[in-house]
Each structure stands twice: as structure tokens, then as C-alpha cells.
2 protein chains.
Amino acid sequence: MTTALIGLDWGSTQLRAYRYGERGEVLDKRVLPHGIRHLPGGGFAEAFAQAVAGWPDAPLLACGMIGSRNGWQEVPYLDTPTGIERLAGALGAMRTPDGRTLHLVPGLRDPGRPDVMRGEETQVAGVLARAPSAIHRGCLLLPGTHSKWVELRDGAVTGFATVMTGELFGLLCRHSILGAQLPPAQDDERVFRRGVETARDSGAAGALSRVFSARTLMLDGLLPPASVPDYLSGLLIGDELRIALAAGWIDPLTPIQMVGEGALCERYLRAAALFGIDIATTPDDTTAHGLWRIAVEAGLASPLATA
Amino acid sequence: MTTALIGLDWGSTQLRAYRYGERGEVLDKRVLPHGIRHLPGGGFAEAFAQAVAGWPDAPLLACGMIGSRNGWQEVPYLDTPTGIERLAGALGAMRTPDGRTLHLVPGLRDPGRPDVMRGEETQVAGVLARAPSAIHRGCLLLPGTHSKWVELRDGAVTGFATVMTGELFGLLCRHSILGAQLPPAQDDERVFRRGVETARDSGAAGALSRVFSARTLMLDGLLPPASVPDYLSGLLIGDELRIALAAGWIDPLTPIQMVGEGALCERYLRAAALFGIDIATTPDDTTAHGLWRIAVEAGLASPLATA
């Protein structure tokens, strides 16, 4: 089958490569452990060669940290508000060692806060392309190491904010006194709920005023050591939701859509239920969809039928 | 001169030993790097022997992590409300390898939150012994790795709370993306202030909603990489003050006294000024003073004149 596009989702830890057919369908997918912080000998060029090896020549479009200051070629951030059209009109381009042109999706910058994203803008493009209902007025949640809350108005990203929930969870479990000398974690739904409720009920003081309770409850015998990670997970995800409410990122008129990994999304859904917040979910192939959508808008790919 | 008491302030990282005269004055002081996490070969016994080597036999009183679960002998926490009398009446005791009796100050537990302290109760006793004005109604701030906010009423600790400000600062600087690949830190007062103001103005959302700005501002060229630690320091100390206000630990009727290290206390004073909060300081020898005061109350030491 004809290859209409090759898309690369090239982040810090992984490199995902997609080969698209003429209707934007993904014909082939590869996942390599060659994020920009984990390059093989031979660096970017070798990682790129592995990602596209054996695939026919086709237009090339990449998103993610590959376009950052520490990437292969830096592409400046694009300020919000930005829709798919502006993204597609601001692609960077570079020559690969084998003489091909690699196009690069710019990251987004919210000058108001300020805040930045790189890679997530392509997930957002994927959601926008598929969910017309979100175009007029929407709120996207992309949970992860650096969770993003994205405000959508009339088909454009009008603002966004980052909460370092996943990274903070890792820091507390791996490097803080709260996570010291714990046995292997066990899944403890009751304790997760307790963490969420503690954050929810912490008011304006917030979960940082309660995080030491992970240690106190354990010393008191009220929290099994193996359940401390679940408690911290509940506390931090709960605090992210508390923050989103306090900061006005969540409002009653705007539906929330979440994009992301299965198990983590499940946690956010359970936490949201304890807050009485409705969150809809969207499948996790939004980056592949977004790359195709941006390529079409930029004229790199010409679909047989509109995606 | 007669040795009336030997006091040990035995924490996680250091062991401080004090030899007292009959008026409670410190005749000799030693600082050893033998906190309970850094014991020499020979363990507790060897560290103890080094701490008191060559000093005359005298009553022995220790406070801090030495009485914790991972210490030499565990002494249970005492629930609040607790004043010096209850502390002195609940000392633990153990036999040292050379046949002496070592008394141990219990830690405190606030059953309401719950929260715990071990070592700080002796600092509080030192403040109470010296500052009659704080006895009726006071608020103590003990900044550090785990900052403590202590509520005093009628000479007793009636409640307290821990904020992990110092530990979180270390985690973010050493292990997070915010601190990655920074040049050596430089002192930047302007940036510290900006961090404090960002936390102060973050409202109920709090500083966790803004901490990623350390990265964004640096990428934007608005924050020199060497100043990121000062920004984070301002953000986290500012958030601790914001939390203390939101949680009601600070109220307009109660004077705040701070106990602690010089440079760190200076930062808290500068941050408090940006909040319009008045904080008085108290000298940093409160633990030595508290050990003496508790020993007198327990009848271990008999002062020639009331301290």
C-alpha cells in the first residue's frame, strides 16, 4: 500500500514511528527506546535511521522534544491562541543525513502564565480533528509526568497550565523520607481514596500542608507501608483536581476530556468521581491522529478522503 | 567546675553534646557527625562514648531521633496538649553499655491531624522556658527540612503541623527536571522575591500550580539558570507562608516566633515581609536550653539558681 506520510512522536524517553496510508490510517507502528535523552551510538541520525528503516520514502513530520533546545533542531514555541492551521503554518524543517526533509511541529507557549508544551500540541490537534464538540468550548486534561490542562475555544488552544504531578509522585516515592525503606507497592484502592479525600478536604491550604501525613499515618500503624505510594498518588492527583477547581481551569459549563494511558487515566477518573467532576475519555492514539491532521493541513499529505 | 548535666541533641545527621554547669550554663559543646543515620563502626555505643569522652559522670538526657523507632531505644510519642511538666514526667530511660542511665525525651504527636515531631519539642521547651510572653498564646515557626508550625496555649503545645519545605526544595533542585543541568547557584535576591510573590499571589491554587514556571521562565530567558534555586526557594517558602495563612496557623492576634539557622531564617523574614507578616526571632540555642529545663523539671538536675 502507498505510504502517504511517516510521522515521528519523538519525546524524551521514547521514539514512536508511524507509517500512514492514503486515508490517514496507520499501516505500521514502531516503538524505539531512543528518546532524545536515550540516543543510541550514532545519535539522532542513527535513531532516525532505525525508526524509518525499510519504509518507502514519504513526507516526514515529527513532534515532541526532538524540536526542543536539546533536540535535533530547535523550533521556536508558538504563542497561544493557536489552532491546527497556525501549527501547520509554522513547521520547522531540517535536512536529514540521507538528504530528506524532516518537518517539525512547534511547541506551544502560553505567554500569560507563562507555560510551555512540546508534543502535547499534537495530541490536542488529534482531539480537535476528531471531536467537533470540543471545538467551541472545551477543557482537555493530559495526565502524566507533567500534566497539562488545556483550554479550547473555537478550535484553538487559548491557554494551558502544567502541574508536575507525576514527577512529584516519583520524587516523593524514590527520594524523600516518605518513600524510604518501603516494601514493594501494593494496589490499595481504599488508601488511594483516602489520599484523594485528604487533598480534596485540604481547602485553600492544599495537599502540601498534608503530605507529611503519609509518614505520620504509617508510624501510627494507620497506613500499611506498602500502601504509602497509593496514598501519595491519591493525594497528588486529588491536589491536581483541587488546583484545577481553585484556579478556574474547571468550570461547570465546560466539558472535560482526558487523553492518556489506561491505568493512570483510571486513577484520575476515580479521583474525579470523589470530587463530583465528570470527565470523558478519548482514545490514546491522538498523537498519531494529530500528526496526520497537521500534515494534511500543511499540504505534506494529500488524503484520498478527508480524515 | 561541677558538671550538673550532660545533654545530647541526637538527630538524624548530627549528634550535639552539651556539658552543663550548676546554673544551667553550657560549659562545653561538641558536634559529631554521628546522627542515627550516620553511626560510626561500633554503632550507638561508640557514638555515645565519643560524645561524652573525658567528661565527668553526670545525669544524662537526650532528645531527637535517638528515641525513634530507628533510634537506640524507642520512646512513645506523647499526645498534645503537652507542656514541659508532662514531657519531664514521660522520659524514657535505658542502660548504656558502661552502666549509666540515659534518659530520653519523648516526641510529640498531634492526634488531630495526625502529625509528629521528635527533637523540636525540646526546642519548644527552651523557648517556653525563656519567653514568658509566648506562654499564654503563641505561634512558633521552626523552619527546616521539615518545618514545624506550633500552636502554644497557656504554656503547652496544643497542636502543630509539618510542611516539608526544605526536603521538597532539595528534591526539586537535585532530582527534578527543574534542577537538571544548572550551573552553580548564585544568590539572587530579586529572583527570590519573585518566587515568594508568585506563591503569595497563587491564591487557593497554591504554588504547585506554578512550580513548572521555574522551567518556563528559564527557557524564556527571564530566569538565569544559576538563579533557579533561589526562585524555587522563594516559591516554596512563600507557599509555606501562604499555607500557614490559609490553614489558620497564623492569625492576627498571635505573635509568631521563629527558631532556627541564620541564613534560612533570613529568607523566612524576607518572605514574611512580602506577606506583611511580623515574625520575631529567638536565638538558636533553644535545644540546649530546653534539655536543661526538662532535666530540672524531671529532677535530674538541681540548679543553684532558677534558670
# chains A, B, ... in the order shown; residues from 1 in each chain; ligands from 1
call {"tool": "interface_residues", "arguments": {"of": "chain B", "to": "chain A", "cutoff": "8 Å", "atoms": "only C-alpha atoms", "output": "number ranges by chain"}}
result
B: 113-116, 161-164, 167, 171, 175-176, 203-206, 208-213, 216-217, 242-247
call {"tool": "write_last_selection", "arguments": {"atoms": "N, CA and C atoms", "output": "PDB file, in the first residue's frame"}}
result
ATOM      1  N   ARG B 113      -4.393  15.883  63.574  1.00  0.00           N
ATOM      2  CA  ARG B 113      -4.103  15.945  62.131  1.00  0.00           C
ATOM      3  C   ARG B 113      -3.935  14.569  61.524  1.00  0.00           C
ATOM      4  N   PRO B 114      -3.253  13.560  61.874  1.00  0.00           N
ATOM      5  CA  PRO B 114      -2.220  13.494  62.902  1.00  0.00           C
ATOM      6  C   PRO B 114      -0.882  14.008  62.364  1.00  0.00           C
ATOM      7  N   ASP B 115       0.001  14.393  63.313  1.00  0.00           N
ATOM      8  CA  ASP B 115       1.347  14.846  62.945  1.00  0.00           C
ATOM      9  C   ASP B 115       2.287  14.497  64.104  1.00  0.00           C
ATOM     10  N   VAL B 116       3.574  14.440  63.811  1.00  0.00           N
ATOM     11  CA  VAL B 116       4.540  14.082  64.855  1.00  0.00           C
ATOM     12  C   VAL B 116       5.777  14.974  64.778  1.00  0.00           C
ATOM     13  N   ALA B 161       1.867  21.387  63.002  1.00  0.00           N
ATOM     14  CA  ALA B 161       1.770  20.878  61.634  1.00  0.00           C
ATOM     15  C   ALA B 161       3.141  20.942  60.974  1.00  0.00           C
ATOM     16  N   THR B 162       3.380  20.007  60.088  1.00  0.00           N
ATOM     17  CA  THR B 162       4.650  19.910  59.376  1.00  0.00           C
ATOM     18  C   THR B 162       4.463  20.278  57.910  1.00  0.00           C
ATOM     19  N   VAL B 163       5.349  21.084  57.370  1.00  0.00           N
ATOM     20  CA  VAL B 163       5.414  21.336  55.926  1.00  0.00           C
ATOM     21  C   VAL B 163       6.825  20.949  55.476  1.00  0.00           C
ATOM     22  N   MET B 164       6.909  20.108  54.446  1.00  0.00           N
ATOM     23  CA  MET B 164       8.204  19.551  54.054  1.00  0.00           C
ATOM     24  C   MET B 164       8.974  20.487  53.123  1.00  0.00           C
ATOM     25  N   GLU B 167      12.836  19.713  52.465  1.00  0.00           N
ATOM     26  CA  GLU B 167      13.041  18.472  51.724  1.00  0.00           C
ATOM     27  C   GLU B 167      12.572  18.618  50.277  1.00  0.00           C
ATOM     28  N   LEU B 171      14.632  18.085  46.797  1.00  0.00           N
ATOM     29  CA  LEU B 171      14.185  17.149  45.752  1.00  0.00           C
ATOM     30  C   LEU B 171      14.120  17.847  44.401  1.00  0.00           C
ATOM     31  N   HIS B 175      16.854  16.459  41.971  1.00  0.00           N
ATOM     32  CA  HIS B 175      16.357  15.298  41.238  1.00  0.00           C
ATOM     33  C   HIS B 175      15.305  15.605  40.173  1.00  0.00           C
ATOM     34  N   SER B 176      14.796  16.843  40.103  1.00  0.00           N
ATOM     35  CA  SER B 176      13.713  17.102  39.147  1.00  0.00           C
ATOM     36  C   SER B 176      14.248  17.740  37.874  1.00  0.00           C
ATOM     37  N   GLY B 203      -3.039  32.303  45.175  1.00  0.00           N
ATOM     38  CA  GLY B 203      -4.371  32.084  45.733  1.00  0.00           C
ATOM     39  C   GLY B 203      -4.545  30.678  46.254  1.00  0.00           C
ATOM     40  N   ALA B 204      -5.788  30.188  46.186  1.00  0.00           N
ATOM     41  CA  ALA B 204      -6.084  28.871  46.735  1.00  0.00           C
ATOM     42  C   ALA B 204      -5.447  27.759  45.907  1.00  0.00           C
ATOM     43  N   ALA B 205      -5.078  28.041  44.657  1.00  0.00           N
ATOM     44  CA  ALA B 205      -4.443  27.001  43.841  1.00  0.00           C
ATOM     45  C   ALA B 205      -3.082  26.627  44.423  1.00  0.00           C
ATOM     46  N   GLY B 206      -2.350  27.608  44.905  1.00  0.00           N
ATOM     47  CA  GLY B 206      -1.072  27.326  45.568  1.00  0.00           C
ATOM     48  C   GLY B 206       0.083  27.172  44.609  1.00  0.00           C
ATOM     49  N   LEU B 208       2.094  24.747  43.859  1.00  0.00           N
ATOM     50  CA  LEU B 208       2.240  23.577  42.983  1.00  0.00           C
ATOM     51  C   LEU B 208       1.654  23.856  41.601  1.00  0.00           C
ATOM     52  N   SER B 209       0.728  24.805  41.527  1.00  0.00           N
ATOM     53  CA  SER B 209       0.155  25.172  40.230  1.00  0.00           C
ATOM     54  C   SER B 209       1.114  26.050  39.432  1.00  0.00           C
ATOM     55  N   ARG B 210       2.197  26.519  40.055  1.00  0.00           N
ATOM     56  CA  ARG B 210       3.111  27.447  39.395  1.00  0.00           C
ATOM     57  C   ARG B 210       4.541  26.950  39.326  1.00  0.00           C
ATOM     58  N   VAL B 211       4.849  25.796  39.931  1.00  0.00           N
ATOM     59  CA  VAL B 211       6.252  25.424  40.098  1.00  0.00           C
ATOM     60  C   VAL B 211       6.933  25.156  38.753  1.00  0.00           C
ATOM     61  N   PHE B 212       6.152  24.726  37.748  1.00  0.00           N
ATOM     62  CA  PHE B 212       6.735  24.487  36.424  1.00  0.00           C
ATOM     63  C   PHE B 212       7.221  25.795  35.787  1.00  0.00           C
ATOM     64  N   SER B 213       6.754  26.927  36.327  1.00  0.00           N
ATOM     65  CA  SER B 213       7.210  28.219  35.794  1.00  0.00           C
ATOM     66  C   SER B 213       8.723  28.374  35.953  1.00  0.00           C
ATOM     67  N   THR B 216       9.793  27.230  32.632  1.00  0.00           N
ATOM     68  CA  THR B 216       9.323  28.072  31.540  1.00  0.00           C
ATOM     69  C   THR B 216      10.056  29.412  31.525  1.00  0.00           C
ATOM     70  N   LEU B 217      10.197  30.015  32.702  1.00  0.00           N
ATOM     71  CA  LEU B 217      10.880  31.305  32.773  1.00  0.00           C
ATOM     72  C   LEU B 217      12.341  31.167  32.341  1.00  0.00           C
ATOM     73  N   ARG B 242       1.869  31.052  52.683  1.00  0.00           N
ATOM     74  CA  ARG B 242       0.505  31.064  52.132  1.00  0.00           C
ATOM     75  C   ARG B 242      -0.336  29.972  52.792  1.00  0.00           C
ATOM     76  N   ILE B 243       0.263  28.764  52.933  1.00  0.00           N
ATOM     77  CA  ILE B 243      -0.430  27.644  53.578  1.00  0.00           C
ATOM     78  C   ILE B 243      -0.765  27.995  55.030  1.00  0.00           C
ATOM     79  N   ALA B 244       0.214  28.581  55.733  1.00  0.00           N
ATOM     80  CA  ALA B 244       0.002  28.896  57.152  1.00  0.00           C
ATOM     81  C   ALA B 244      -1.159  29.881  57.321  1.00  0.00           C
ATOM     82  N   LEU B 245      -1.287  30.816  56.397  1.00  0.00           N
ATOM     83  CA  LEU B 245      -2.412  31.748  56.444  1.00  0.00           C
ATOM     84  C   LEU B 245      -3.720  31.030  56.105  1.00  0.00           C
ATOM     85  N   ALA B 246      -3.694  30.240  55.033  1.00  0.00           N
ATOM     86  CA  ALA B 246      -4.919  29.570  54.579  1.00  0.00           C
ATOM     87  C   ALA B 246      -5.419  28.572  55.612  1.00  0.00           C
ATOM     88  N   ALA B 247      -4.488  27.909  56.289  1.00  0.00           N
ATOM     89  CA  ALA B 247      -4.869  26.881  57.260  1.00  0.00           C
ATOM     90  C   ALA B 247      -5.190  27.466  58.630  1.00  0.00           C
TER      91      ALA B 247
END
call {"tool": "residues_around", "arguments": {"residues": "Ala301 of chain A", "least_positions_apart": "5", "cutoff": "12 Å", "atoms": "only C-alpha atoms", "output": "short mmCIF file (atom, residue, chain, number, x, y, z; two decimals) with N, CA and C atoms, in the first residue's frame"}}
result
data_model
loop_
_atom_site.label_atom_id
_atom_site.label_comp_id
_atom_site.auth_asym_id
_atom_site.auth_seq_id
_atom_site.Cartn_x
_atom_site.Cartn_y
_atom_site.Cartn_z
N THR A 2 0.39 2.29 -0.63
CA THR A 2 1.14 3.55 -0.71
C THR A 2 1.37 4.14 0.67
N THR A 3 2.57 4.65 0.89
CA THR A 3 2.86 5.36 2.13
C THR A 3 2.67 6.85 1.89
N ALA A 4 1.68 7.44 2.59
CA ALA A 4 1.37 8.85 2.36
C ALA A 4 2.15 9.78 3.28
N LEU A 5 2.61 9.22 4.41
CA LEU A 5 3.30 10.06 5.41
C LEU A 5 4.03 9.14 6.39
N ILE A 6 5.18 9.63 6.90
CA ILE A 6 5.81 9.00 8.06
C ILE A 6 5.80 10.02 9.19
N GLY A 7 5.22 9.63 10.32
CA GLY A 7 5.13 10.54 11.47
C GLY A 7 5.99 10.03 12.61
N ARG A 19 3.73 4.78 10.06
CA ARG A 19 3.64 4.84 8.60
C ARG A 19 2.15 4.88 8.25
N TYR A 20 1.76 5.92 7.49
CA TYR A 20 0.35 6.15 7.20
C TYR A 20 0.02 5.77 5.76
N GLY A 21 -1.20 5.26 5.57
CA GLY A 21 -1.75 5.06 4.24
C GLY A 21 -2.44 6.32 3.74
N GLU A 22 -3.03 6.24 2.58
CA GLU A 22 -3.57 7.44 1.93
C GLU A 22 -4.85 7.98 2.56
N ARG A 23 -5.43 7.21 3.45
CA ARG A 23 -6.61 7.71 4.17
C ARG A 23 -6.26 8.13 5.60
N GLY A 24 -4.95 8.16 5.88
CA GLY A 24 -4.52 8.56 7.22
C GLY A 24 -4.51 7.40 8.20
N ALA A 58 8.75 9.01 1.93
CA ALA A 58 7.46 9.70 2.08
C ALA A 58 7.71 10.98 2.85
N PRO A 59 6.78 11.93 2.82
CA PRO A 59 6.92 13.13 3.64
C PRO A 59 7.11 12.75 5.11
N LEU A 60 7.93 13.54 5.80
CA LEU A 60 8.30 13.24 7.19
C LEU A 60 7.87 14.37 8.12
N LEU A 61 7.15 14.02 9.19
CA LEU A 61 6.73 15.04 10.17
C LEU A 61 6.96 14.49 11.57
N ALA A 88 0.27 24.23 11.58
CA ALA A 88 0.70 23.70 10.29
C ALA A 88 1.49 24.74 9.50
N LEU A 291 -0.63 14.10 14.14
CA LEU A 291 0.44 14.25 13.14
C LEU A 291 -0.16 14.22 11.73
N TRP A 292 -1.07 13.27 11.51
CA TRP A 292 -1.70 13.19 10.19
C TRP A 292 -2.47 14.47 9.86
N ARG A 293 -3.23 14.95 10.87
CA ARG A 293 -4.08 16.11 10.66
C ARG A 293 -3.25 17.36 10.33
N ILE A 294 -2.13 17.53 11.04
CA ILE A 294 -1.26 18.68 10.80
C ILE A 294 -0.59 18.55 9.43
N ALA A 295 -0.18 17.32 9.07
CA ALA A 295 0.45 17.10 7.77
C ALA A 295 -0.50 17.45 6.64
N VAL A 296 -1.77 17.08 6.79
CA VAL A 296 -2.75 17.39 5.75
C VAL A 296 -2.93 18.91 5.65
N THR A 306 -11.26 12.95 3.23
CA THR A 306 -10.98 13.78 4.41
C THR A 306 -10.96 12.90 5.65
N ALA A 307 -9.91 13.06 6.44
CA ALA A 307 -9.76 12.25 7.66
C ALA A 307 -10.85 12.61 8.65
#
call {"tool": "atom_distance", "arguments": {"atom1": "atom CA of Ala131 of chain B", "atom2": "atom CA of Arg267 of chain B"}}
result
23.3 Å
call {"tool": "closest_residue", "arguments": {"among": "B:Val52, B:Ala156, B:Met1, B:Glu25", "to": "Glu85 of chain B", "atoms": "only C-alpha atoms"}}
result
B:Ala156
call {"tool": "atom_distance", "arguments": {"atom1": "atom CA of Asp278 of chain B", "atom2": "atom CA of Pro81 of chain B"}}
result
25.8 Å
call {"tool": "select_by_dssp", "arguments": {"residues": "segment 175-270 of chain A", "states": "strand (DSSP E)", "output": "ChimeraX atom specification"}}
result
/A:256-259
call {"tool": "write_last_selection", "arguments": {"atoms": "C-alpha atoms", "output": "PDB file, in the first residue's frame"}}
result
ATOM      1  CA  ILE A 256     -13.579  17.906  30.337  1.00  0.00           C
ATOM      2  CA  GLN A 257     -11.920  15.388  28.051  1.00  0.00           C
ATOM      3  CA  MET A 258      -8.948  13.332  29.208  1.00  0.00           C
ATOM      4  CA  VAL A 259      -6.255  11.844  26.962  1.00  0.00           C
TER       5      VAL A 259
END
